[in-house]
Amino acid sequence: MLAGAVVVGAAPAGAAPGAGRIESGVTYRQFDLPAAKGTVHVHLLTVDLADPHVRVDLLSPGAVAARSRVSTMADAAGAVAGVNGDFFNITETQHPGVEVTGASVGPAIAHGRVLKSAVPTAQRFGPSLPPGTDTTDVFGVGVDRRARLDRLTLAGTVRTPHATLALRGLNQYALAQGSVGAYTAAWGSASRKRATCGSDTDRAAGCSTDTYEVRIRGGRVVATSATPGSGAIAADTTVLLGREAGADRLRALTKGERVTVRERMVASASRIPYRFAVGGYPVLRDGEPLAGLDDTTAAVRTAVGYANGGRKLLLLALDGAVAYRSGLTIAEVAEEMRQLGAADAFSLDGGGSTTMVARTAGTQAVSVLNHPTESPERAVANGIGVFWKP
């Protein structure tokens with residue numbers, strides 16, 4: 001049992017104090033943890049969602065297709081603490097000349113607003129998924145202030161004078177073959193070319209040459225293009241991008257025609273609307289590790305879990321200092337979260353992305369509590385922010 005073997009150790013040079021209250025309902029501690037491949041150093045934030053002063057929400061760089069450091073996002077949003085979030089489109093070596101978007105893999109909801117839906121599972125970045133999981137899995141907190149694991153899938157339509165089309169994507173860096181996706185102001189200004197690359201079975205597959213875009217403003221077609229575009233999208237505008245069969249459907253549209261785009265996210269487990277949700281993958285359900293978790297590959301990790309019916313949140317980040325870089329396997333992460341009291345737990349992006357920040361006493365800005373394996377911090381797609389108001 002990993003947690004039973006925990007010994008409190010000296011903090012790595014330059015790390016934050018060993019334990020303490022950040023604000024009422026938000027506490028921090030760090031400790032050494034013996035693991036199969038060597039001792040690791042754990043940083044743990046405990047958040048009481050029953051405290052009326054406390055809430056959590058998505059940390060965002062300001063656009064889906066953008067990246068920023070966790071400390072920068074936390075300070076910009078006024079968070080008192082936070083960790084990095086979802087895996088993201090970090091490289092395009094497989095598609096030379098295609099812009100890296102920095103967009104996250106899974107669904108994202110911030111302040112109750114849906115920012116994006118999940119890319120096809122074969123197009124994700126990150127380690128192999130546990131059996132039975134996919135890119136629609138999320139960790140979230142509902143408007144009832146309770147944390148939960150769920151799946152969020154996109155349900156949407158594009159109604160045209162000719163037909164009603166299924167909407168298969170919202171602000172995604174990758175679209176399913178033959179589909180149509182929508183892009184809004186939330187996407188940002190990055191090129192949409194990446195969305196037409198890869199296939200439903202191979203992220204490295206080439207980019208489609210059969211594409212079409214339609215720009216909708218005020219419910220009417222105002223422009224069309226045979227290639228994916230880039231640049232900021234106005235708040236009153238939606239860009240529809242199709243590939244293969246989806247492109248054929250969009251080619252039927254002409255300027256001035258009416259088009260209605262509707263989208264919503266459907267939860268598989270909860271009828272409570274989400275105030276916040278972030279992608280990753282589950283590792284612990286109902287106090288039991290998922291079957292088939294990787295027990296071989298160890299790395300620096302970030303994870304989130306909850307207890308007390310979703311009222312108590314546990315945010316875990318490993319230290320990336322050289323002395324502790326041996327890391328944990330995903331199976332060890334699940335076991336440690338269980339030992340810490342989590343009923344359900346969720347793996348977030350790790351390795352060079354693993355970052356935990358918090359405000360220390362007497363400061364107005366957050367400090368990095370762990371030692372990220374990259375220096376300075378890696379810019380990431382999003383994060384989980386902890387907020388406190390008097």
# chains A, B, ... in the order shown; residues from 1 in each chain; ligands from 1
>>> residues_around(residues="A:Gly350", least_positions_apart="3", cutoff="9 Å", atoms="only C-alpha atoms", output="ChimeraX atom specification")
/A:84-85,87,126,299-303,317-318,347,353-355
>>> residues_around(residues="stretch 92-99 of chain A", least_positions_apart="2", cutoff="10 Å", atoms="only C-alpha atoms", output="PyMOL selection string")
chain A and resi 89-90+101-102+190-194+197-198+203-207
>>> residues_around(residues="A:Thr46", least_positions_apart="5", cutoff="9 Å", atoms="only C-alpha atoms", output="list in words")
Gly25, Val26, Thr27, Tyr28, Arg29, Lys312, Leu313, Leu314, Leu315 and Leu316 of chain A
>>> write_last_selection(atoms="C-alpha atoms", output="compact mmCIF listing (two decimals), in the first residue's frame")
# COMPACT_ATOMS: atom_id res chain seq x y z
CA GLY A 25 -10.92 25.07 2.58
CA VAL A 26 -7.64 24.86 0.63
CA THR A 27 -4.61 23.12 2.14
CA TYR A 28 -1.26 21.94 0.82
CA ARG A 29 1.28 19.35 1.87
CA LYS A 312 -13.53 16.88 -1.22
CA LEU A 313 -11.05 17.36 -4.04
CA LEU A 314 -7.51 15.96 -4.18
CA LEU A 315 -5.04 17.47 -6.67
CA LEU A 316 -1.78 15.55 -6.95
>>> closest_residue(among="A:Ala110, A:Val64, A:Ala74, A:Leu115", to="A:Ser189", atoms="only C-alpha atoms")
A:Val64
>>> closest_residue(among="A:Leu175, A:Ala66, A:Ala379, A:Leu250", to="A:Val158", atoms="only C-alpha atoms")
A:Leu250
>>> residues_around(residues="A:Val47", least_positions_apart="6", cutoff="12 Å", atoms="only C-alpha atoms", output="PyMOL selection string")
chain A and resi 21-29+53-56+80-82+145-147+304-308+310-316+384-388
>>> select_by_dssp(residues="stretch 9-160 of chain A", states="helix (DSSP H, G or I)", output="list in words")
Val70, Ser71, Thr72, Met73, Ala74, Asp75, Ala76, Ala77, Thr121, Ala122 and Gln123 of chain A
>>> write_last_selection(atoms="N, CA and C atoms", output="mmCIF file, in the first residue's frame")
data_model
loop_
_atom_site.group_PDB
_atom_site.id
_atom_site.type_symbol
_atom_site.label_atom_id
_atom_site.label_comp_id
_atom_site.auth_asym_id
_atom_site.auth_seq_id
_atom_site.Cartn_x
_atom_site.Cartn_y
_atom_site.Cartn_z
ATOM 1 N N VAL A 70 0.860 27.404 -16.421
ATOM 2 C CA VAL A 70 -0.141 27.296 -15.365
ATOM 3 C C VAL A 70 -0.094 28.522 -14.462
ATOM 4 N N SER A 71 1.100 28.975 -14.098
ATOM 5 C CA SER A 71 1.209 30.142 -13.223
ATOM 6 C C SER A 71 0.622 31.385 -13.879
ATOM 7 N N THR A 72 0.844 31.557 -15.169
ATOM 8 C CA THR A 72 0.303 32.714 -15.886
ATOM 9 C C THR A 72 -1.221 32.662 -15.926
ATOM 10 N N MET A 73 -1.776 31.489 -16.247
ATOM 11 C CA MET A 73 -3.233 31.353 -16.295
ATOM 12 C C MET A 73 -3.854 31.570 -14.922
ATOM 13 N N ALA A 74 -3.220 31.014 -13.881
ATOM 14 C CA ALA A 74 -3.751 31.155 -12.529
ATOM 15 C C ALA A 74 -3.769 32.615 -12.101
ATOM 16 N N ASP A 75 -2.681 33.336 -12.320
ATOM 17 C CA ASP A 75 -2.640 34.742 -11.936
ATOM 18 C C ASP A 75 -3.641 35.572 -12.738
ATOM 19 N N ALA A 76 -3.752 35.299 -14.033
ATOM 20 C CA ALA A 76 -4.683 36.060 -14.866
ATOM 21 C C ALA A 76 -6.127 35.865 -14.423
ATOM 22 N N ALA A 77 -6.448 34.663 -13.928
ATOM 23 C CA ALA A 77 -7.816 34.351 -13.521
ATOM 24 C C ALA A 77 -8.079 34.674 -12.053
ATOM 25 N N THR A 121 -10.730 9.343 -30.749
ATOM 26 C CA THR A 121 -9.786 8.701 -29.830
ATOM 27 C C THR A 121 -8.448 8.387 -30.494
ATOM 28 N N ALA A 122 -8.465 7.984 -31.759
ATOM 29 C CA ALA A 122 -7.215 7.655 -32.447
ATOM 30 C C ALA A 122 -6.347 8.884 -32.708
ATOM 31 N N GLN A 123 -6.906 10.057 -32.552
ATOM 32 C CA GLN A 123 -6.174 11.296 -32.827
ATOM 33 C C GLN A 123 -5.639 11.967 -31.555
#
>>> select_by_dssp(residues="stretch 178-224 of chain A", states="strand (DSSP E or B)", output="list in words")
Val180, Gly181, Ala182, Tyr183, Cys197, Cys207, Thr211, Tyr212, Glu213, Val214, Arg215, Ile216, Arg217, Arg220, Val221, Val222, Ala223 and Thr224 of chain A
>>> write_last_selection(atoms="N, CA, C and O atoms", output="tab-separated table (two decimals), in the first residue's frame")
chain	number	residue	atom	x	y	z
A	180	VAL	N	-18.37	17.08	-40.47
A	180	VAL	CA	-18.42	18.54	-40.44
A	180	VAL	C	-18.23	18.99	-39.00
A	180	VAL	O	-18.86	18.45	-38.08
A	181	GLY	N	-17.36	19.97	-38.78
A	181	GLY	CA	-17.15	20.54	-37.46
A	181	GLY	C	-17.37	22.03	-37.47
A	181	GLY	O	-17.30	22.68	-38.52
A	182	ALA	N	-17.65	22.59	-36.30
A	182	ALA	CA	-17.90	24.02	-36.15
A	182	ALA	C	-16.78	24.66	-35.35
A	182	ALA	O	-16.26	24.08	-34.39
A	183	TYR	N	-16.44	25.90	-35.73
A	183	TYR	CA	-15.42	26.68	-35.04
A	183	TYR	C	-15.99	28.05	-34.71
A	183	TYR	O	-16.61	28.70	-35.57
A	197	CYS	N	-6.30	16.61	-40.87
A	197	CYS	CA	-5.18	15.67	-40.94
A	197	CYS	C	-5.45	14.46	-40.06
A	197	CYS	O	-6.24	14.52	-39.11
A	207	CYS	N	-2.90	14.57	-44.49
A	207	CYS	CA	-3.97	15.56	-44.45
A	207	CYS	C	-4.87	15.41	-45.68
A	207	CYS	O	-4.39	15.16	-46.78
A	211	THR	N	-11.47	19.21	-48.81
A	211	THR	CA	-11.97	20.00	-47.70
A	211	THR	C	-12.79	21.18	-48.20
A	211	THR	O	-12.67	21.60	-49.36
A	212	TYR	N	-13.62	21.73	-47.31
A	212	TYR	CA	-14.43	22.90	-47.67
A	212	TYR	C	-14.85	23.63	-46.41
A	212	TYR	O	-15.16	22.99	-45.40
A	213	GLU	N	-14.79	24.96	-46.46
A	213	GLU	CA	-15.23	25.79	-45.33
A	213	GLU	C	-16.37	26.70	-45.74
A	213	GLU	O	-16.40	27.21	-46.87
A	214	VAL	N	-17.26	26.94	-44.78
A	214	VAL	CA	-18.37	27.88	-44.97
A	214	VAL	C	-18.42	28.78	-43.75
A	214	VAL	O	-18.42	28.30	-42.61
A	215	ARG	N	-18.48	30.07	-43.99
A	215	ARG	CA	-18.56	31.04	-42.89
A	215	ARG	C	-20.01	31.51	-42.75
A	215	ARG	O	-20.62	31.98	-43.72
A	216	ILE	N	-20.54	31.41	-41.53
A	216	ILE	CA	-21.92	31.76	-41.24
A	216	ILE	C	-21.95	32.98	-40.33
A	216	ILE	O	-21.30	33.00	-39.29
A	217	ARG	N	-22.70	34.00	-40.74
A	217	ARG	CA	-22.88	35.17	-39.88
A	217	ARG	C	-24.36	35.60	-39.95
A	217	ARG	O	-24.92	35.69	-41.04
A	220	ARG	N	-26.68	33.28	-41.97
A	220	ARG	CA	-26.57	33.14	-43.42
A	220	ARG	C	-25.12	32.90	-43.84
A	220	ARG	O	-24.18	33.36	-43.18
A	221	VAL	N	-24.95	32.23	-44.97
A	221	VAL	CA	-23.63	32.00	-45.53
A	221	VAL	C	-23.10	33.33	-46.06
A	221	VAL	O	-23.74	34.00	-46.86
A	222	VAL	N	-21.88	33.70	-45.60
A	222	VAL	CA	-21.28	34.95	-46.07
A	222	VAL	C	-20.00	34.71	-46.86
A	222	VAL	O	-19.52	35.61	-47.55
A	223	ALA	N	-19.41	33.51	-46.75
A	223	ALA	CA	-18.19	33.23	-47.49
A	223	ALA	C	-17.96	31.73	-47.54
A	223	ALA	O	-18.42	30.98	-46.67
A	224	THR	N	-17.23	31.29	-48.56
A	224	THR	CA	-16.87	29.88	-48.69
A	224	THR	C	-15.40	29.79	-49.09
A	224	THR	O	-14.83	30.74	-49.63
>>> atom_distance(atom1="atom CA of A:Ala176", atom2="atom CA of A:Val119")
7.7 Å
>>> residues_around(residues="A:Val259", least_positions_apart="3", cutoff="6 Å", atoms="only C-alpha atoms", output="list in words")
Arg159, Thr160, Gly219 and Arg220 of chain A
>>> atom_distance(atom1="atom CA of A:Asp134", atom2="atom CA of A:Glu288")
18.6 Å
>>> closest_residue(among="A:Ala50, A:Pro131, A:Asp200, A:Thr164", to="A:Ala291", atoms="only C-alpha atoms")
A:Pro131
>>> closest_atom_pairs(of="stretch 261-355 of chain A", to="stretch 31-37 of chain A", cutoff="8 Å", atoms="only C-alpha atoms", output="tab-separated table")
residue	atom	partner	partner_atom	distance
A:Ala298	CA	A:Lys37	CA	7.5
A:Ser326	CA	A:Lys37	CA	6.0
A:Gly327	CA	A:Lys37	CA	7.2
A:Leu328	CA	A:Ala35	CA	6.8
A:Glu332	CA	A:Ala35	CA	7.8
>>> write_last_selection(atoms="N, CA and C atoms", output="short mmCIF file (atom, residue, chain, number, x, y, z; two decimals), in the first residue's frame")
data_model
loop_
_atom_site.label_atom_id
_atom_site.label_comp_id
_atom_site.auth_asym_id
_atom_site.auth_seq_id
_atom_site.Cartn_x
_atom_site.Cartn_y
_atom_site.Cartn_z
N ALA A 298 6.74 4.22 -15.82
CA ALA A 298 6.69 5.22 -14.76
C ALA A 298 7.06 6.59 -15.32
N SER A 326 12.02 9.37 -11.34
CA SER A 326 11.65 7.99 -11.69
C SER A 326 10.14 7.85 -11.83
N GLY A 327 9.38 8.58 -11.05
CA GLY A 327 7.94 8.68 -11.25
C GLY A 327 7.13 7.48 -10.80
N LEU A 328 5.85 7.53 -11.14
CA LEU A 328 4.89 6.48 -10.81
C LEU A 328 4.29 5.91 -12.09
N GLU A 332 0.17 2.75 -10.08
CA GLU A 332 0.57 3.31 -8.79
C GLU A 332 -0.17 4.60 -8.48
#
>>> closest_residue(among="A:Thr209, A:Ser128, A:Thr260, A:Thr136", to="A:Ala166", atoms="only C-alpha atoms")
A:Thr260
